[in-house]
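Have a look at entry21.txt; it's compact mmCIF, C-alpha atoms:
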```
# COMPACT_ATOMS: atom_id res chain seq x y z
CA LYS A 1 50.42 119.61 -76.05
CA ASP A 2 53.91 118.18 -76.50
CA ARG A 3 56.07 119.19 -73.54
CA THR A 4 59.22 117.32 -74.61
CA GLY A 5 61.18 120.58 -74.95
CA GLU A 6 60.36 121.52 -71.36
CA TRP A 7 61.46 118.08 -70.15
CA VAL A 8 64.76 118.36 -72.02
CA GLU A 9 65.48 121.80 -70.54
CA SER A 10 64.55 120.59 -67.06
CA THR A 11 66.88 117.63 -67.50
CA ASN A 12 69.73 119.88 -68.58
CA LEU A 13 69.08 122.25 -65.66
CA ALA A 14 69.17 119.36 -63.19
CA LEU A 15 72.38 118.02 -64.74
CA ASP A 16 73.96 121.47 -64.67
CA LEU A 17 73.02 121.91 -61.01
CA MET A 18 74.67 118.61 -60.06
CA VAL A 19 77.81 119.69 -61.92
CA GLU A 20 77.81 123.12 -60.24
CA LEU A 21 77.47 121.45 -56.85
CA GLY A 22 80.46 119.25 -57.66
CA ASP A 23 78.48 116.01 -57.48
CA ILE A 24 80.02 114.62 -60.65
CA ASP A 25 79.41 110.94 -59.88
CA ARG A 26 75.70 111.62 -59.38
CA ALA A 27 75.68 113.83 -62.49
CA GLU A 28 77.31 111.02 -64.46
CA ASP A 29 74.71 108.49 -63.27
CA PHE A 30 71.96 110.95 -64.17
CA PHE A 31 73.52 111.65 -67.58
CA GLU A 32 73.70 107.92 -68.33
CA SER A 33 70.02 107.56 -67.42
CA ILE A 34 68.92 110.24 -69.90
CA ASP A 35 67.39 108.71 -73.01
CA LYS A 36 69.67 109.42 -75.97
CA LYS A 37 66.67 110.68 -77.94
CA THR A 38 66.18 113.53 -75.47
CA ARG A 39 69.85 114.53 -75.15
CA THR A 40 70.89 117.80 -76.76
CA PRO A 41 74.27 119.35 -77.55
CA ASP A 42 73.97 121.15 -74.19
CA THR A 43 73.49 117.86 -72.35
CA TYR A 44 76.85 116.61 -73.59
CA ALA A 45 78.57 119.95 -73.01
CA ILE A 46 77.29 120.17 -69.43
CA MET A 47 78.55 116.67 -68.62
CA ALA A 48 81.90 117.31 -70.31
CA ASN A 49 82.27 120.52 -68.31
CA GLY A 50 81.71 118.51 -65.13
CA TYR A 51 84.45 116.11 -66.16
CA LYS A 52 86.74 119.04 -66.93
CA LEU A 53 86.14 120.59 -63.51
CA GLU A 54 87.14 117.28 -61.93
CA GLU A 55 90.05 116.94 -64.39
CA ARG A 56 88.68 113.67 -65.73
CA TRP A 57 90.09 114.47 -69.14
CA GLY A 58 89.55 111.05 -70.72
CA LYS A 59 85.85 111.37 -69.93
CA VAL A 60 85.73 114.74 -71.72
CA ALA A 61 87.04 113.00 -74.84
CA ALA A 62 84.50 110.20 -74.45
CA CYS A 63 81.70 112.78 -74.21
CA TYR A 64 82.96 114.45 -77.37
CA ARG A 65 83.10 111.16 -79.28
CA ALA A 66 79.59 110.20 -78.13
CA ALA A 67 78.15 113.60 -79.08
CA LYS A 68 79.86 113.43 -82.47
CA LYS A 69 78.46 109.93 -83.05
CA ASP A 70 74.98 111.19 -82.11
CA SER A 71 75.38 114.34 -84.28
CA LEU A 72 75.03 116.53 -81.18
CA LEU A 73 78.28 118.49 -81.16
CA SER A 74 78.40 122.07 -79.95
CA GLU A 75 81.08 124.70 -80.04
CA ARG A 76 81.25 124.62 -76.23
CA LEU A 77 81.87 120.86 -76.22
CA CYS A 78 84.49 121.20 -78.93
CA PHE A 79 86.35 123.82 -76.88
CA LEU A 80 86.30 121.45 -73.89
CA ALA A 81 87.61 118.60 -76.05
CA MET A 82 90.39 120.82 -77.36
CA GLN A 83 91.43 121.66 -73.81
CA GLU A 84 91.57 117.94 -73.05
CA ILE A 85 93.72 117.31 -76.11
CA ALA A 86 96.13 120.12 -75.21
CA LYS A 87 96.58 118.70 -71.69
CA SER A 88 96.92 115.07 -72.78
CA ASP A 89 100.08 113.07 -73.35
CA THR A 90 98.89 112.03 -76.78
CA SER A 91 101.11 112.49 -79.81
CA SER A 92 99.89 114.31 -82.91
CA LYS A 93 98.05 116.91 -80.83
CA ILE A 94 97.94 119.46 -83.63
CA LYS A 95 96.49 116.91 -86.04
CA ILE A 96 93.78 116.00 -83.51
CA LEU A 97 93.11 119.67 -82.67
CA ARG A 98 92.71 120.39 -86.38
CA SER A 99 90.20 117.55 -86.63
CA VAL A 100 88.13 119.16 -83.86
CA THR A 101 88.36 122.59 -85.51
CA ASP A 102 87.12 120.95 -88.72
CA ASP A 103 84.11 119.65 -86.78
CA ILE A 104 83.37 123.09 -85.31
CA ALA A 105 83.80 124.81 -88.65
CA ALA A 106 81.39 122.35 -90.29
CA LEU A 107 78.94 122.98 -87.46
CA LYS A 108 79.21 126.74 -88.01
CA GLY A 109 79.18 126.50 -91.81
CA VAL A 110 82.59 128.13 -92.28
CA LYS A 111 86.05 127.04 -93.33
CA SER A 112 88.28 125.69 -90.61
CA GLY A 113 91.00 128.32 -91.10
CA ALA A 114 88.45 131.13 -90.85
CA TRP A 115 87.00 129.67 -87.65
CA ILE A 116 90.48 129.37 -86.12
CA ALA A 117 91.33 132.97 -87.03
CA ASP A 118 88.01 134.26 -85.68
CA ASN A 119 88.57 132.39 -82.41
CA TYR A 120 92.34 132.79 -82.09
CA TRP A 121 92.27 134.75 -78.82
CA THR A 122 89.94 132.23 -77.18
CA LEU A 123 92.11 129.37 -78.42
CA LYS A 124 95.22 131.09 -77.08
CA ARG A 125 93.58 131.52 -73.67
CA LEU A 126 92.23 127.94 -73.50
CA LEU A 127 94.99 125.97 -75.22
CA GLY A 128 98.00 128.18 -74.74
CA TYR A 129 100.20 130.19 -77.06
CA HIS A 130 101.99 127.18 -78.56
CA TYR A 131 98.92 125.34 -79.85
CA ALA A 132 97.04 128.47 -80.89
CA ARG A 133 99.92 129.67 -83.06
CA LEU A 134 100.41 126.23 -84.63
CA LEU A 135 96.70 126.03 -85.46
CA MET A 136 97.19 129.32 -87.30
CA TRP A 137 100.15 127.78 -89.17
CA TRP A 138 102.50 130.27 -87.53
CA ASN A 139 105.39 127.87 -87.25
CA ASP A 140 108.09 130.43 -86.40
CA PRO A 141 107.57 131.62 -82.81
CA ASN A 142 109.76 134.66 -83.54
CA GLU A 143 107.19 135.89 -86.07
CA THR A 144 104.08 135.27 -83.97
CA GLN A 145 103.95 138.69 -82.36
CA LYS A 146 103.86 140.35 -85.78
CA PHE A 147 101.12 137.97 -86.96
CA GLU A 148 99.10 138.55 -83.78
CA PHE A 149 99.28 142.30 -84.32
CA ARG A 150 97.98 141.90 -87.89
CA LEU A 151 95.19 139.61 -86.72
CA ALA A 152 94.18 142.04 -83.97
CA ALA A 153 94.10 144.90 -86.48
CA GLN A 154 92.00 142.77 -88.85
CA HIS A 155 89.55 141.92 -86.05
CA MET A 156 89.27 145.56 -85.03
CA THR A 157 88.58 146.64 -88.61
CA GLU A 158 85.90 143.95 -89.01
CA ARG A 159 84.21 144.94 -85.73
CA LYS A 160 84.32 148.62 -86.68
CA LYS A 161 82.55 147.82 -89.97
CA LYS A 162 79.86 145.89 -88.07
CA GLY A 163 79.31 148.83 -85.74
```

Write out the structure in this file as structure tokens.
Amino acid sequence: KDRTGEWVESTNLALDLMVELGDIDRAEDFFESIDKKTRTPDTYAIMANGYKLEERWGKVAACYRAAKKDSLLSERLCFLAMQEIAKSDTSSKIKILRSVTDDIAALKGVKSGAWIADNYWTLKRLLGYHYARLLMWWNDPNETQKFEFRLAAQHMTERKKKG
């Protein structure tokens, strides 16, 4: 019987435990020792979360790039990468954030604008008002409150239809 799936989950649990205990250097060594063939999207997201907790933002970006290269992106990892981008000193933040939302949307099988609208409140909480509104193409901050109200009403109507 192939037990590879159990090994992968055990590996992720061990990595997650090291991160929760705050032993990021040990977690990083362990992460690097994991065969790339047995890594999952969760493996990358767990390690990136550890880097985030330690505010090693450049390492979050490196995790994102590696996961993207290995076709192992997850929504959780993309959210972490977006937080890194919002906190960074890099120019063209909105352009880079849009690139990440394109990756998430492709992962979810939806259009980028639809994904941003569906996740606006999470984006606002994680990235801040400024970046969330610009991702929505709400360029006039004086109009944002009106647009947020409309979006909230739209979300409520959609949820009501779903039950």

Shell of 10 Å around A:Ala114, only C-alpha atoms, local chain residues under 6 positions omitted, as a list in words: Ala105, Tyr120 and Met136 of chain A

Write the selection just made, keeping C-alpha atoms, as a tab-separated table (two decimals), in the coordinates of the input?
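Ended up saving to out35.tsv:
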```tsv
chain	number	residue	atom	x	y	z
A	105	ALA	CA	83.80	124.81	-88.65
A	120	TYR	CA	92.34	132.79	-82.09
A	136	MET	CA	97.19	129.32	-87.30
```

Per residue of stretch 44-148 of chain A within 12 Å of stretch 20-25 of chain A, record the nearest atom pair and its distance in Å to one decimal, counting only C-alpha atoms, with rows in chain order and ascending residue number, as a Markdown table.
```
| residue | atom | partner | partner_atom | distance |
| --- | --- | --- | --- | --- |
| A:Ile46 | CA | A:Glu20 | CA | 9.7 |
| A:Met47 | CA | A:Ile24 | CA | 8.4 |
| A:Ala48 | CA | A:Ile24 | CA | 10.2 |
| A:Asn49 | CA | A:Glu20 | CA | 9.6 |
| A:Gly50 | CA | A:Ile24 | CA | 6.2 |
| A:Tyr51 | CA | A:Ile24 | CA | 7.2 |
| A:Lys52 | CA | A:Ile24 | CA | 10.2 |
| A:Leu53 | CA | A:Gly22 | CA | 8.3 |
| A:Glu54 | CA | A:Ile24 | CA | 7.7 |
| A:Glu55 | CA | A:Ile24 | CA | 11.0 |
| A:Arg56 | CA | A:Ile24 | CA | 10.1 |
| A:Lys59 | CA | A:Ile24 | CA | 11.4 |
```

Select, from A:Ala62, A:Leu73, A:Ala14, A:Val19, the residue with the minimum atom-to-atom distance to A:Asp42, counting all atoms listed in the file.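 Ranking A:Ala62, A:Leu73, A:Ala14, A:Val19 by distance to A:Asp42, first place goes to A:Leu73.
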
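Atom CA of A:Ala132 lies 9.5 Å from atom CA of A:Ile94.
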
Polymer residues at most 12 Å from A:Asn12, all atoms listed in the file, same-chain spacing of 5 or more positions, as number ranges by chain = A: 5-7, 17-19, 27, 30-31, 34, 38-47

request  = Enter the distance from atom CA of A:Leu97 to atom CA of A:Ile85, in Å, rounded to one decimal.
outcome  =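 According to the coordinates, atom CA of A:Leu97 and atom CA of A:Ile85 are separated by 7.0 Å.
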
Please provide as number ranges by chain all residues within 8 Å of A:Trp115, with the sequence filter that same-chain residues fewer than 5 positions apart are discarded (counting all atoms listed in the file). A: 101, 104-105, 110

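For the pair atom CA of A:Thr11 and atom CA of A:Ala67, the interatomic distance is 16.7 Å.
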
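Comparing the minimum interatomic distances between A:Trp121 and each of A:Met156, A:Ile96, A:Leu151, A:Cys63, counting all atoms listed in the file, we find that A:Leu151 sits nearest.
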
Starting from the incomplete input, reconstruct N, CA, C and O atoms of stretch 16-37 of chain A and report them as a PDB file, in the frame of the given file.
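Saved the output as part26.pdb:
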```
ATOM      1  N   ASP A  16      73.079 120.321 -64.902  1.00  0.00           N
ATOM      2  CA  ASP A  16      73.960 121.470 -64.670  1.00  0.00           C
ATOM      3  C   ASP A  16      74.085 121.775 -63.177  1.00  0.00           C
ATOM      4  O   ASP A  16      75.175 122.092 -62.685  1.00  0.00           O
ATOM      5  N   LEU A  17      72.994 121.659 -62.452  1.00  0.00           N
ATOM      6  CA  LEU A  17      73.020 121.910 -61.010  1.00  0.00           C
ATOM      7  C   LEU A  17      73.924 120.902 -60.302  1.00  0.00           C
ATOM      8  O   LEU A  17      74.721 121.268 -59.436  1.00  0.00           O
ATOM      9  N   MET A  18      73.813 119.637 -60.666  1.00  0.00           N
ATOM     10  CA  MET A  18      74.670 118.610 -60.060  1.00  0.00           C
ATOM     11  C   MET A  18      76.142 118.913 -60.336  1.00  0.00           C
ATOM     12  O   MET A  18      76.995 118.760 -59.453  1.00  0.00           O
ATOM     13  N   VAL A  19      76.437 119.345 -61.563  1.00  0.00           N
ATOM     14  CA  VAL A  19      77.810 119.690 -61.920  1.00  0.00           C
ATOM     15  C   VAL A  19      78.282 120.885 -61.097  1.00  0.00           C
ATOM     16  O   VAL A  19      79.380 120.880 -60.537  1.00  0.00           O
ATOM     17  N   GLU A  20      77.442 121.915 -61.016  1.00  0.00           N
ATOM     18  CA  GLU A  20      77.810 123.120 -60.240  1.00  0.00           C
ATOM     19  C   GLU A  20      78.051 122.795 -58.778  1.00  0.00           C
ATOM     20  O   GLU A  20      78.912 123.408 -58.135  1.00  0.00           O
ATOM     21  N   LEU A  21      77.308 121.839 -58.245  1.00  0.00           N
ATOM     22  CA  LEU A  21      77.470 121.450 -56.850  1.00  0.00           C
ATOM     23  C   LEU A  21      78.661 120.516 -56.644  1.00  0.00           C
ATOM     24  O   LEU A  21      78.983 120.160 -55.516  1.00  0.00           O
ATOM     25  N   GLY A  22      79.287 120.116 -57.743  1.00  0.00           N
ATOM     26  CA  GLY A  22      80.460 119.250 -57.660  1.00  0.00           C
ATOM     27  C   GLY A  22      80.145 117.786 -57.453  1.00  0.00           C
ATOM     28  O   GLY A  22      81.024 116.993 -57.124  1.00  0.00           O
ATOM     29  N   ASP A  23      78.897 117.404 -57.650  1.00  0.00           N
ATOM     30  CA  ASP A  23      78.480 116.010 -57.480  1.00  0.00           C
ATOM     31  C   ASP A  23      78.568 115.303 -58.838  1.00  0.00           C
ATOM     32  O   ASP A  23      77.559 114.932 -59.425  1.00  0.00           O
ATOM     33  N   ILE A  24      79.791 115.130 -59.295  1.00  0.00           N
ATOM     34  CA  ILE A  24      80.020 114.620 -60.650  1.00  0.00           C
ATOM     35  C   ILE A  24      79.591 113.171 -60.796  1.00  0.00           C
ATOM     36  O   ILE A  24      79.048 112.779 -61.832  1.00  0.00           O
ATOM     37  N   ASP A  25      79.822 112.355 -59.781  1.00  0.00           N
ATOM     38  CA  ASP A  25      79.410 110.940 -59.880  1.00  0.00           C
ATOM     39  C   ASP A  25      77.895 110.832 -60.031  1.00  0.00           C
ATOM     40  O   ASP A  25      77.405 110.062 -60.855  1.00  0.00           O
ATOM     41  N   ARG A  26      77.171 111.618 -59.262  1.00  0.00           N
ATOM     42  CA  ARG A  26      75.700 111.620 -59.380  1.00  0.00           C
ATOM     43  C   ARG A  26      75.286 112.189 -60.740  1.00  0.00           C
ATOM     44  O   ARG A  26      74.369 111.675 -61.385  1.00  0.00           O
ATOM     45  N   ALA A  27      75.975 113.246 -61.179  1.00  0.00           N
ATOM     46  CA  ALA A  27      75.680 113.830 -62.490  1.00  0.00           C
ATOM     47  C   ALA A  27      75.923 112.793 -63.593  1.00  0.00           C
ATOM     48  O   ALA A  27      75.130 112.684 -64.534  1.00  0.00           O
ATOM     49  N   GLU A  28      76.996 112.050 -63.455  1.00  0.00           N
ATOM     50  CA  GLU A  28      77.310 111.020 -64.460  1.00  0.00           C
ATOM     51  C   GLU A  28      76.229 109.942 -64.489  1.00  0.00           C
ATOM     52  O   GLU A  28      75.790 109.531 -65.575  1.00  0.00           O
ATOM     53  N   ASP A  29      75.793 109.490 -63.319  1.00  0.00           N
ATOM     54  CA  ASP A  29      74.710 108.490 -63.270  1.00  0.00           C
ATOM     55  C   ASP A  29      73.439 109.049 -63.904  1.00  0.00           C
ATOM     56  O   ASP A  29      72.756 108.350 -64.663  1.00  0.00           O
ATOM     57  N   PHE A  30      73.139 110.305 -63.598  1.00  0.00           N
ATOM     58  CA  PHE A  30      71.960 110.950 -64.170  1.00  0.00           C
ATOM     59  C   PHE A  30      72.094 111.074 -65.684  1.00  0.00           C
ATOM     60  O   PHE A  30      71.164 110.752 -66.434  1.00  0.00           O
ATOM     61  N   PHE A  31      73.257 111.513 -66.141  1.00  0.00           N
ATOM     62  CA  PHE A  31      73.520 111.650 -67.580  1.00  0.00           C
ATOM     63  C   PHE A  31      73.299 110.314 -68.289  1.00  0.00           C
ATOM     64  O   PHE A  31      72.655 110.263 -69.336  1.00  0.00           O
ATOM     65  N   GLU A  32      73.842 109.248 -67.714  1.00  0.00           N
ATOM     66  CA  GLU A  32      73.700 107.920 -68.330  1.00  0.00           C
ATOM     67  C   GLU A  32      72.239 107.462 -68.377  1.00  0.00           C
ATOM     68  O   GLU A  32      71.865 106.683 -69.244  1.00  0.00           O
ATOM     69  N   SER A  33      71.428 107.957 -67.454  1.00  0.00           N
ATOM     70  CA  SER A  33      70.020 107.560 -67.420  1.00  0.00           C
ATOM     71  C   SER A  33      69.158 108.331 -68.414  1.00  0.00           C
ATOM     72  O   SER A  33      68.019 107.940 -68.668  1.00  0.00           O
ATOM     73  N   ILE A  34      69.694 109.417 -68.960  1.00  0.00           N
ATOM     74  CA  ILE A  34      68.920 110.240 -69.900  1.00  0.00           C
ATOM     75  C   ILE A  34      68.820 109.514 -71.236  1.00  0.00           C
ATOM     76  O   ILE A  34      69.833 109.107 -71.815  1.00  0.00           O
ATOM     77  N   ASP A  35      67.616 109.351 -71.713  1.00  0.00           N
ATOM     78  CA  ASP A  35      67.390 108.710 -73.010  1.00  0.00           C
ATOM     79  C   ASP A  35      68.138 109.480 -74.092  1.00  0.00           C
ATOM     80  O   ASP A  35      68.034 110.709 -74.162  1.00  0.00           O
ATOM     81  N   LYS A  36      68.867 108.764 -74.918  1.00  0.00           N
ATOM     82  CA  LYS A  36      69.670 109.420 -75.970  1.00  0.00           C
ATOM     83  C   LYS A  36      68.806 110.270 -76.903  1.00  0.00           C
ATOM     84  O   LYS A  36      69.283 111.249 -77.452  1.00  0.00           O
ATOM     85  N   LYS A  37      67.550 109.914 -77.053  1.00  0.00           N
ATOM     86  CA  LYS A  37      66.670 110.680 -77.940  1.00  0.00           C
ATOM     87  C   LYS A  37      66.333 112.054 -77.374  1.00  0.00           C
ATOM     88  O   LYS A  37      65.922 112.936 -78.120  1.00  0.00           O
TER      89      LYS A  37
END
```
